[in-house]
>>> print(open('start28.cif').read())   # mmCIF, C-alpha atoms and all ligand atoms
data_coords
#
loop_
_atom_site.label_atom_id
_atom_site.label_comp_id
_atom_site.auth_asym_id
_atom_site.auth_seq_id
_atom_site.Cartn_x
_atom_site.Cartn_y
_atom_site.Cartn_z
CA MET F 1 -95.78 -79.90 -81.12
CA SER F 2 -94.66 -83.38 -82.20
CA GLN F 3 -94.11 -84.20 -85.87
CA ALA F 4 -96.91 -86.17 -87.53
CA TYR F 5 -96.08 -89.85 -87.99
CA ALA F 6 -93.00 -89.57 -85.72
CA VAL F 7 -94.30 -92.53 -83.66
CA THR F 8 -96.23 -94.39 -86.33
CA ALA F 9 -93.38 -94.58 -88.87
CA GLU F 10 -91.58 -97.16 -86.69
CA PHE F 11 -94.53 -99.56 -86.58
CA TYR F 12 -96.40 -98.87 -89.84
CA ASP F 13 -94.80 -101.49 -92.07
CA LEU F 14 -94.38 -104.20 -89.48
CA LEU F 15 -98.02 -104.11 -88.42
CA GLN F 16 -99.79 -103.03 -91.61
CA ALA F 17 -97.71 -103.78 -94.71
CA THR F 18 -98.96 -107.32 -95.29
CA GLU F 19 -102.61 -106.30 -95.50
CA HIS F 20 -101.79 -103.07 -97.29
CA LEU F 21 -99.72 -104.74 -100.01
CA ALA F 22 -102.50 -107.22 -100.76
CA VAL F 23 -104.97 -104.38 -101.35
CA THR F 24 -102.45 -102.30 -103.30
CA GLY F 25 -101.50 -105.18 -105.59
CA ARG F 26 -105.13 -105.98 -106.36
CA LEU F 27 -105.98 -102.33 -107.10
CA LEU F 28 -102.93 -101.83 -109.32
CA ASP F 29 -103.73 -105.01 -111.27
CA ARG F 30 -107.14 -103.56 -112.06
CA TRP F 31 -106.49 -99.82 -112.51
CA LEU F 32 -102.83 -99.06 -113.28
CA GLY F 33 -102.74 -99.87 -117.00
CA GLN F 34 -99.47 -98.83 -118.65
CA PRO F 35 -98.60 -95.25 -117.75
CA ALA F 36 -96.60 -93.59 -120.51
CA VAL F 37 -96.03 -90.11 -119.03
CA GLY F 38 -95.45 -90.51 -115.29
CA VAL F 39 -97.03 -91.63 -112.03
CA LEU F 40 -98.01 -89.72 -108.87
CA ASP F 41 -97.99 -91.48 -105.48
CA VAL F 42 -99.59 -88.94 -103.17
CA GLY F 43 -99.20 -89.44 -99.44
CA ALA F 44 -96.57 -92.02 -100.31
CA GLY F 45 -95.94 -92.80 -96.65
CA THR F 46 -93.36 -95.54 -96.17
CA GLY F 47 -93.24 -96.19 -99.91
CA LEU F 48 -95.09 -99.51 -100.02
CA ALA F 49 -96.96 -98.48 -103.17
CA THR F 50 -94.09 -96.34 -104.48
CA ASN F 51 -91.92 -99.42 -104.69
CA LEU F 52 -94.61 -101.46 -106.47
CA LEU F 53 -95.32 -98.63 -108.88
CA ALA F 54 -91.65 -98.15 -109.72
CA ARG F 55 -91.27 -101.88 -110.34
CA ARG F 56 -94.33 -102.04 -112.58
CA CYS F 57 -93.72 -98.84 -114.56
CA THR F 58 -91.03 -97.57 -116.89
CA VAL F 59 -91.82 -93.89 -116.28
CA THR F 60 -90.93 -91.60 -113.34
CA VAL F 61 -92.87 -92.14 -110.10
CA HIS F 62 -93.37 -88.87 -108.19
CA ALA F 63 -93.67 -89.79 -104.51
CA VAL F 64 -95.25 -86.93 -102.55
CA GLU F 65 -94.63 -87.23 -98.81
CA PRO F 66 -94.39 -84.33 -96.33
CA ALA F 67 -93.51 -86.30 -93.15
CA ALA F 68 -89.75 -86.79 -92.65
CA SER F 69 -90.26 -89.94 -90.56
CA MET F 70 -92.27 -91.63 -93.33
CA ARG F 71 -89.85 -90.44 -96.02
CA ALA F 72 -87.01 -91.99 -94.05
CA VAL F 73 -88.66 -95.42 -94.32
CA LEU F 74 -89.50 -94.81 -97.98
CA LEU F 75 -85.89 -93.96 -98.80
CA SER F 76 -84.59 -96.94 -96.85
CA ARG F 77 -86.94 -99.18 -98.82
CA LEU F 78 -85.52 -97.87 -102.09
CA ALA F 79 -81.89 -97.82 -100.96
CA GLY F 80 -79.69 -100.07 -103.05
CA GLN F 81 -82.40 -100.90 -105.57
CA THR F 82 -80.37 -99.69 -108.49
CA GLY F 83 -83.03 -100.72 -111.00
CA VAL F 84 -85.70 -98.60 -109.30
CA LEU F 85 -83.85 -95.55 -107.96
CA PRO F 86 -83.56 -93.68 -111.28
CA ARG F 87 -87.34 -93.74 -111.66
CA VAL F 88 -88.44 -92.39 -108.24
CA ARG F 89 -88.47 -88.67 -107.51
CA VAL F 90 -89.41 -87.72 -103.94
CA HIS F 91 -91.28 -84.47 -103.26
CA ALA F 92 -90.97 -83.48 -99.59
CA ARG F 93 -94.09 -81.34 -99.44
CA ASN F 94 -97.87 -81.34 -99.15
CA VAL F 95 -99.74 -82.25 -102.31
CA GLN F 96 -101.46 -78.83 -102.15
CA ASP F 97 -98.04 -77.27 -102.82
CA LEU F 98 -96.95 -79.80 -105.44
CA GLY F 99 -96.66 -77.30 -108.29
CA LEU F 100 -96.16 -79.89 -111.04
CA VAL F 101 -97.86 -79.54 -114.42
CA GLY F 102 -98.66 -82.43 -116.78
CA VAL F 103 -96.12 -84.87 -115.38
CA ALA F 104 -98.30 -87.96 -115.01
CA ASP F 105 -101.06 -90.00 -116.61
CA PHE F 106 -101.71 -92.07 -113.46
CA GLY F 107 -102.23 -90.81 -109.91
CA TRP F 108 -102.60 -92.80 -106.70
CA CYS F 109 -103.73 -91.42 -103.34
CA LEU F 110 -104.67 -93.92 -100.63
CA ASN F 111 -105.39 -93.35 -96.96
CA THR F 112 -104.48 -89.67 -97.18
CA MET F 113 -107.51 -87.51 -98.13
CA ALA F 114 -109.07 -88.20 -94.70
CA GLY F 115 -106.46 -85.98 -93.08
CA LEU F 116 -107.36 -82.92 -95.15
CA ASP F 117 -110.14 -80.44 -94.45
CA LEU F 118 -112.44 -79.12 -97.17
CA ALA F 119 -110.17 -76.26 -98.25
CA GLU F 120 -107.08 -78.48 -98.19
CA ARG F 121 -108.87 -81.15 -100.25
CA ALA F 122 -109.88 -78.54 -102.82
CA ALA F 123 -106.27 -77.36 -103.11
CA ALA F 124 -105.04 -80.96 -103.24
CA LEU F 125 -107.46 -81.95 -106.01
CA ARG F 126 -106.57 -78.80 -107.98
CA ALA F 127 -102.87 -79.68 -107.69
CA LEU F 128 -103.57 -83.26 -108.78
CA ALA F 129 -105.57 -82.08 -111.80
CA GLU F 130 -102.68 -79.79 -112.75
CA ALA F 131 -100.13 -82.56 -112.37
CA LEU F 132 -102.09 -85.03 -114.52
CA VAL F 133 -102.30 -84.77 -118.29
CA PRO F 134 -105.78 -84.70 -119.91
CA GLY F 135 -107.14 -88.25 -119.87
CA GLY F 136 -104.95 -89.12 -116.88
CA ARG F 137 -106.46 -91.48 -114.31
CA LEU F 138 -106.61 -90.90 -110.55
CA VAL F 139 -107.27 -93.67 -108.02
CA VAL F 140 -108.19 -92.04 -104.72
CA GLN F 141 -109.54 -93.30 -101.42
CA ARG F 142 -112.45 -91.25 -100.17
CA PRO F 143 -112.42 -89.60 -96.75
CA PRO F 144 -114.74 -91.41 -94.32
CA SER F 145 -118.37 -90.38 -94.68
CA ARG F 146 -119.27 -90.98 -91.03
CA ALA F 147 -117.61 -91.45 -87.68
CA VAL F 148 -118.62 -94.25 -85.34
CA ALA F 149 -116.90 -94.93 -82.02
CA ASP F 150 -114.89 -98.10 -82.55
CA ARG F 151 -111.79 -100.02 -81.51
CA ARG F 152 -109.94 -102.60 -83.57
CA ASP F 153 -106.73 -104.55 -83.29
CA LEU F 154 -104.00 -104.17 -85.86
CA PRO F 155 -102.28 -107.36 -87.03
CA SER F 156 -99.59 -108.45 -84.54
CA TRP F 157 -96.21 -110.01 -85.26
CA GLN F 158 -93.59 -111.93 -83.28
CA LEU F 159 -90.11 -110.48 -83.53
CA GLY F 160 -87.29 -112.25 -81.74
CA GLY F 161 -89.69 -113.54 -79.12
CA ASP F 162 -91.31 -110.13 -78.61
CA LEU F 163 -94.90 -109.49 -79.63
CA TYR F 164 -95.49 -106.28 -81.58
CA SER F 165 -99.17 -105.36 -81.54
CA GLY F 166 -101.39 -102.37 -81.95
CA GLU F 167 -104.89 -101.05 -81.88
CA VAL F 168 -106.76 -98.11 -83.28
CA ALA F 169 -109.55 -96.38 -81.39
CA THR F 170 -111.90 -94.21 -83.41
CA THR F 171 -113.83 -91.33 -81.86
CA PRO F 172 -116.29 -88.96 -83.51
CA VAL F 173 -115.40 -85.30 -82.92
CA GLY F 174 -118.31 -82.93 -83.45
CA ALA F 175 -120.43 -83.33 -86.57
CA ASP F 176 -117.78 -83.59 -89.25
CA ARG F 177 -114.52 -84.74 -87.72
CA ILE F 178 -113.00 -87.95 -86.51
CA ARG F 179 -110.04 -88.84 -84.32
CA TRP F 180 -107.94 -91.98 -84.48
CA ARG F 181 -105.67 -92.99 -81.61
CA PHE F 182 -103.11 -95.58 -82.69
CA SER F 183 -101.51 -97.45 -79.79
CA TYR F 184 -98.48 -99.66 -80.32
CA ARG F 185 -97.17 -102.21 -77.82
CA VAL F 186 -94.10 -104.39 -77.50
CA SER F 187 -94.50 -107.25 -74.99
CA ARG F 188 -92.23 -110.06 -73.87
CA LYS F 189 -93.62 -113.16 -72.15
CA GLY F 190 -96.88 -111.30 -71.58
CA ALA F 191 -95.23 -108.29 -69.90
CA LEU F 192 -95.32 -104.87 -71.50
CA VAL F 193 -91.84 -103.72 -72.62
CA ARG F 194 -92.96 -100.39 -74.04
CA GLN F 195 -96.00 -98.65 -75.40
CA GLU F 196 -96.36 -95.67 -77.73
CA SER F 197 -99.34 -93.86 -79.19
CA GLU F 198 -100.15 -91.23 -81.77
CA VAL F 199 -103.34 -89.35 -82.50
CA PHE F 200 -104.55 -88.33 -85.96
CA ASP F 201 -107.45 -86.02 -86.72
CA GLY F 202 -109.55 -86.57 -89.81
CA HIS F 203 -112.36 -84.89 -91.68
CA LEU F 204 -115.58 -86.45 -92.93
CA ALA F 205 -116.98 -85.96 -96.43
CA THR F 206 -120.16 -87.45 -97.84
CA VAL F 207 -119.85 -89.59 -100.97
CA SER F 208 -121.85 -87.07 -103.01
CA GLY F 209 -119.90 -84.18 -101.48
CA PHE F 210 -116.54 -85.70 -102.38
CA ASP F 211 -117.82 -86.56 -105.87
CA ALA F 212 -118.75 -82.89 -106.26
CA GLU F 213 -115.27 -81.83 -105.08
CA LEU F 214 -113.72 -84.13 -107.71
CA ALA F 215 -116.01 -82.69 -110.40
CA THR F 216 -115.13 -79.12 -109.39
CA ALA F 217 -111.45 -79.99 -109.83
CA GLY F 218 -112.19 -81.25 -113.36
CA PHE F 219 -112.39 -85.01 -112.81
CA THR F 220 -115.04 -87.31 -114.29
CA PRO F 221 -115.94 -90.68 -112.71
CA VAL F 222 -114.59 -93.91 -114.17
CA GLY F 223 -115.41 -96.48 -111.50
CA THR F 224 -115.30 -97.51 -107.87
CA ASP F 225 -113.54 -100.20 -105.87
CA ASP F 226 -112.95 -101.31 -102.29
CA PRO F 227 -112.05 -99.95 -99.80
CA ASP F 228 -113.90 -96.68 -100.53
CA ILE F 229 -111.96 -96.14 -103.74
CA VAL F 230 -113.14 -93.83 -106.47
CA VAL F 231 -111.45 -93.81 -109.87
CA VAL F 232 -111.68 -90.66 -111.95
CA GLN F 233 -110.25 -89.25 -115.13
CA ARG F 234 -108.87 -85.80 -115.72
C1 LIG B 301 -101.96 -93.05 -93.39
S1 LIG B 301 -100.53 -92.64 -94.31
C2 LIG B 301 -100.80 -93.59 -95.78
C3 LIG B 301 -99.54 -93.83 -96.54
C4 LIG B 301 -99.74 -94.64 -97.82
N1 LIG B 301 -100.54 -93.95 -98.79
C5 LIG B 301 -100.37 -95.95 -97.48
O1 LIG B 301 -101.55 -96.15 -97.83
O2 LIG B 301 -99.69 -96.77 -96.85
C6 LIG B 301 -100.92 -90.98 -94.90
C7 LIG B 301 -99.71 -90.31 -95.49
O3 LIG B 301 -100.10 -89.09 -96.12
C8 LIG B 301 -99.16 -88.11 -95.80
N2 LIG B 301 -99.80 -86.79 -95.91
C9 LIG B 301 -100.48 -86.13 -94.95
N3 LIG B 301 -100.90 -84.94 -95.40
C10 LIG B 301 -100.49 -84.87 -96.70
C11 LIG B 301 -100.61 -83.87 -97.70
N4 LIG B 301 -101.25 -82.72 -97.48
N5 LIG B 301 -100.05 -84.11 -98.91
C12 LIG B 301 -99.40 -85.28 -99.15
N6 LIG B 301 -99.25 -86.25 -98.22
C13 LIG B 301 -99.79 -86.04 -97.02
C14 LIG B 301 -98.71 -88.44 -94.39
O4 LIG B 301 -97.49 -87.83 -94.06
C15 LIG B 301 -98.68 -89.95 -94.43
O5 LIG B 301 -97.44 -90.45 -94.80
#
>>> encode(input="start28.cif", output="structure tokens")
Amino acid sequence: MSQAYAVTAEFYDLLQATEHLAVTGRLLDRWLGQPAVGVLDVGAGTGLATNLLARRCTVTVHAVEPAASMRAVLLSRLAGQTGVLPRVRVHARNVQDLGLVGVADFGWCLNTMAGLDLAERAAALRALAEALVPGGRLVVQRPPSRAVADRRDLPSWQLGGDLYSGEVATTPVGADRIRWRFSYRVSRKGALVRQESEVFDGHLATVSGFDAELATAGFTPVGTDDPDIVVVQR
């Protein structure tokens, strides 16, 4: 079986970072505050938010990322940033297995819960509650609440005369699952040079259901934001 994100890691930043950083910056302006204990970046991916968090904070940022391909990009992003490196600790494991206690007063988890099933989400939220100190804030993106067949283009970019583009096709799977097929293309003068794709399976959760999961893990609501963000307090 192929490793998750083995294909996507190559294209993630080029195609998606610009949009992603705009959202991340806006959300951090509103919700980050001034962490005094530590910060969790869960499902850190290529480290787009990790880097921003480490630049904005004076405390340790715990970047939790199980996929080696994504960690490789994350570490490359941090390489040589001597001002930031001492403050980022990378945990190469699933959040369910984090095993940290009271290390942070701010947690961040975007675009990651959708990949976890109900039992995995429960374990993840328990681990997050353990890792946060009482009063700690968690900014988390909800899993999707419904699946609708869809196709959308990712932003495309010119690189040395080549066009890098991508699309994501969404397919409902049964009553409570969803599948995303990401296709990436490199073309030159209109001709396809190469094409890659990767499939991700996700799990649906209703808004009230996910709120109940957060409550069970010991979180109380603080607010909401876009896109599908819920902010809670431990
Ligand atoms: C779609 S990417 C999002 C990355 C980043 N949060 C962002 O918004 O750009 C989801 C990331 O979550 C990671 N991930 C998947 N399952 C995870 C788990 N159980 N615990 C922590 N991270 C996980 C994946 O390896 C991947 O890097």
>>> residues_near_ligand(input="start28.cif", ligand="ligand LIG 301 (chain B)", cutoff="9 Å", atoms="all atoms listed in the file", output="compact mmCIF listing (two decimals) with C-alpha atoms, in the coordinates of the input")
# COMPACT_ATOMS: atom_id res chain seq x y z
CA ALA F 4 -96.91 -86.17 -87.53
CA TYR F 5 -96.08 -89.85 -87.99
CA ALA F 9 -93.38 -94.58 -88.87
CA TYR F 12 -96.40 -98.87 -89.84
CA ASP F 13 -94.80 -101.49 -92.07
CA GLN F 16 -99.79 -103.03 -91.61
CA ALA F 17 -97.71 -103.78 -94.71
CA HIS F 20 -101.79 -103.07 -97.29
CA LEU F 21 -99.72 -104.74 -100.01
CA THR F 24 -102.45 -102.30 -103.30
CA ASP F 41 -97.99 -91.48 -105.48
CA VAL F 42 -99.59 -88.94 -103.17
CA GLY F 43 -99.20 -89.44 -99.44
CA ALA F 44 -96.57 -92.02 -100.31
CA GLY F 45 -95.94 -92.80 -96.65
CA THR F 46 -93.36 -95.54 -96.17
CA GLY F 47 -93.24 -96.19 -99.91
CA LEU F 48 -95.09 -99.51 -100.02
CA ALA F 49 -96.96 -98.48 -103.17
CA THR F 50 -94.09 -96.34 -104.48
CA VAL F 64 -95.25 -86.93 -102.55
CA GLU F 65 -94.63 -87.23 -98.81
CA PRO F 66 -94.39 -84.33 -96.33
CA ALA F 67 -93.51 -86.30 -93.15
CA ALA F 68 -89.75 -86.79 -92.65
CA SER F 69 -90.26 -89.94 -90.56
CA MET F 70 -92.27 -91.63 -93.33
CA ARG F 71 -89.85 -90.44 -96.02
CA ALA F 92 -90.97 -83.48 -99.59
CA ARG F 93 -94.09 -81.34 -99.44
CA ASN F 94 -97.87 -81.34 -99.15
CA VAL F 95 -99.74 -82.25 -102.31
CA GLN F 96 -101.46 -78.83 -102.15
CA ASP F 97 -98.04 -77.27 -102.82
CA LEU F 98 -96.95 -79.80 -105.44
CA TRP F 108 -102.60 -92.80 -106.70
CA CYS F 109 -103.73 -91.42 -103.34
CA LEU F 110 -104.67 -93.92 -100.63
CA ASN F 111 -105.39 -93.35 -96.96
CA THR F 112 -104.48 -89.67 -97.18
CA MET F 113 -107.51 -87.51 -98.13
CA ALA F 114 -109.07 -88.20 -94.70
CA GLY F 115 -106.46 -85.98 -93.08
CA LEU F 116 -107.36 -82.92 -95.15
CA GLU F 120 -107.08 -78.48 -98.19
CA ARG F 121 -108.87 -81.15 -100.25
CA ALA F 124 -105.04 -80.96 -103.24
>>> residues_around(input="start28.cif", residues="region 153-170 of chain F", least_positions_apart="5", cutoff="10 Å", atoms="all atoms listed in the file", output="ChimeraX atom specification")
/F:11-12,14-19,147-148,178-201
>>> residues_around(input="start28.cif", residues="Val207 (chain F)", least_positions_apart="2", cutoff="10 Å", atoms="only C-alpha atoms", output="number ranges by chain")
F: 142-145, 204-205, 209-213, 228, 230
>>> closest_residue(input="start28.cif", among="F:Gln233, F:Thr171, F:Thr60, F:Asn51", to="Gly25 (chain F)", atoms="all atoms listed in the file")
F:Asn51
>>> atom_distance(input="start28.cif", atom1="CA of Val232 (chain F)", atom2="CA of Thr206 (chain F)")
16.8 Å
>>> atom_distance(input="start28.cif", atom1="CA of Val140 (chain F)", atom2="CA of Thr224 (chain F)")
9.5 Å
>>> closest_atom_pairs(input="start28.cif", of="region 77-165 of chain F", to="region 52-58 of chain F", cutoff="9 Å", atoms="all atoms listed in the file", output="tab-separated table")
residue	atom	partner	partner_atom	distance
F:Gly83	CA	F:Arg55	CA	8.3
F:Val84	CA	F:Ala54	CA	6.0
F:Leu85	CA	F:Ala54	CA	8.4
F:Arg87	CA	F:Ala54	CA	6.5
F:Val88	CA	F:Ala54	CA	6.8
>>> atom_distance(input="start28.cif", atom1="CA of Val59 (chain F)", atom2="CA of Gly38 (chain F)")
5.1 Å
>>> build_atoms(input="start28.cif", residues="region 131-146 of chain F", atoms="N, CA, C and O atoms", output="mmCIF file, in the frame of the given file")
data_model
loop_
_atom_site.group_PDB
_atom_site.id
_atom_site.type_symbol
_atom_site.label_atom_id
_atom_site.label_comp_id
_atom_site.auth_asym_id
_atom_site.auth_seq_id
_atom_site.Cartn_x
_atom_site.Cartn_y
_atom_site.Cartn_z
ATOM 1 N N ALA F 131 -101.271 -81.654 -112.190
ATOM 2 C CA ALA F 131 -100.130 -82.560 -112.370
ATOM 3 C C ALA F 131 -100.422 -83.677 -113.366
ATOM 4 O O ALA F 131 -99.495 -84.267 -113.925
ATOM 5 N N LEU F 132 -101.716 -83.965 -113.573
ATOM 6 C CA LEU F 132 -102.090 -85.030 -114.520
ATOM 7 C C LEU F 132 -102.317 -84.443 -115.917
ATOM 8 O O LEU F 132 -102.842 -83.325 -116.049
ATOM 9 N N VAL F 133 -101.989 -85.195 -116.923
ATOM 10 C CA VAL F 133 -102.300 -84.770 -118.290
ATOM 11 C C VAL F 133 -103.781 -85.063 -118.560
ATOM 12 O O VAL F 133 -104.381 -85.917 -117.889
ATOM 13 N N PRO F 134 -104.387 -84.376 -119.552
ATOM 14 C CA PRO F 134 -105.780 -84.700 -119.910
ATOM 15 C C PRO F 134 -105.899 -86.195 -120.223
ATOM 16 O O PRO F 134 -105.037 -86.772 -120.893
ATOM 17 N N GLY F 135 -106.945 -86.806 -119.680
ATOM 18 C CA GLY F 135 -107.140 -88.250 -119.870
ATOM 19 C C GLY F 135 -106.467 -89.072 -118.781
ATOM 20 O O GLY F 135 -106.697 -90.284 -118.688
ATOM 21 N N GLY F 136 -105.647 -88.415 -117.956
ATOM 22 C CA GLY F 136 -104.950 -89.120 -116.880
ATOM 23 C C GLY F 136 -105.937 -89.666 -115.850
ATOM 24 O O GLY F 136 -106.991 -89.078 -115.601
ATOM 25 N N ARG F 137 -105.570 -90.786 -115.256
ATOM 26 C CA ARG F 137 -106.460 -91.480 -114.310
ATOM 27 C C ARG F 137 -105.968 -91.268 -112.874
ATOM 28 O O ARG F 137 -104.760 -91.317 -112.617
ATOM 29 N N LEU F 138 -106.928 -91.053 -111.979
ATOM 30 C CA LEU F 138 -106.610 -90.900 -110.550
ATOM 31 C C LEU F 138 -107.388 -91.943 -109.754
ATOM 32 O O LEU F 138 -108.612 -92.043 -109.871
ATOM 33 N N VAL F 139 -106.663 -92.712 -108.944
ATOM 34 C CA VAL F 139 -107.270 -93.670 -108.020
ATOM 35 C C VAL F 139 -107.133 -93.066 -106.625
ATOM 36 O O VAL F 139 -106.011 -92.869 -106.139
ATOM 37 N N VAL F 140 -108.256 -92.756 -106.007
ATOM 38 C CA VAL F 140 -108.190 -92.040 -104.720
ATOM 39 C C VAL F 140 -109.145 -92.676 -103.712
ATOM 40 O O VAL F 140 -110.260 -93.067 -104.062
ATOM 41 N N GLN F 141 -108.671 -92.781 -102.485
ATOM 42 C CA GLN F 141 -109.540 -93.300 -101.420
ATOM 43 C C GLN F 141 -110.295 -92.135 -100.795
ATOM 44 O O GLN F 141 -109.704 -91.117 -100.419
ATOM 45 N N ARG F 142 -111.608 -92.307 -100.716
ATOM 46 C CA ARG F 142 -112.450 -91.250 -100.170
ATOM 47 C C ARG F 142 -112.143 -91.014 -98.691
ATOM 48 O O ARG F 142 -111.757 -91.945 -97.987
ATOM 49 N N PRO F 143 -112.394 -89.792 -98.205
ATOM 50 C CA PRO F 143 -112.420 -89.600 -96.750
ATOM 51 C C PRO F 143 -113.589 -90.390 -96.184
ATOM 52 O O PRO F 143 -114.538 -90.696 -96.920
ATOM 53 N N PRO F 144 -113.578 -90.712 -94.893
ATOM 54 C CA PRO F 144 -114.740 -91.410 -94.320
ATOM 55 C C PRO F 144 -115.973 -90.524 -94.397
ATOM 56 O O PRO F 144 -115.876 -89.309 -94.294
ATOM 57 N N SER F 145 -117.140 -91.172 -94.581
ATOM 58 C CA SER F 145 -118.370 -90.380 -94.680
ATOM 59 C C SER F 145 -119.068 -90.261 -93.327
ATOM 60 O O SER F 145 -119.956 -89.446 -93.153
ATOM 61 N N ARG F 146 -118.675 -91.112 -92.370
ATOM 62 C CA ARG F 146 -119.270 -90.980 -91.030
ATOM 63 C C ARG F 146 -118.278 -91.494 -89.998
ATOM 64 O O ARG F 146 -117.359 -92.271 -90.334
#
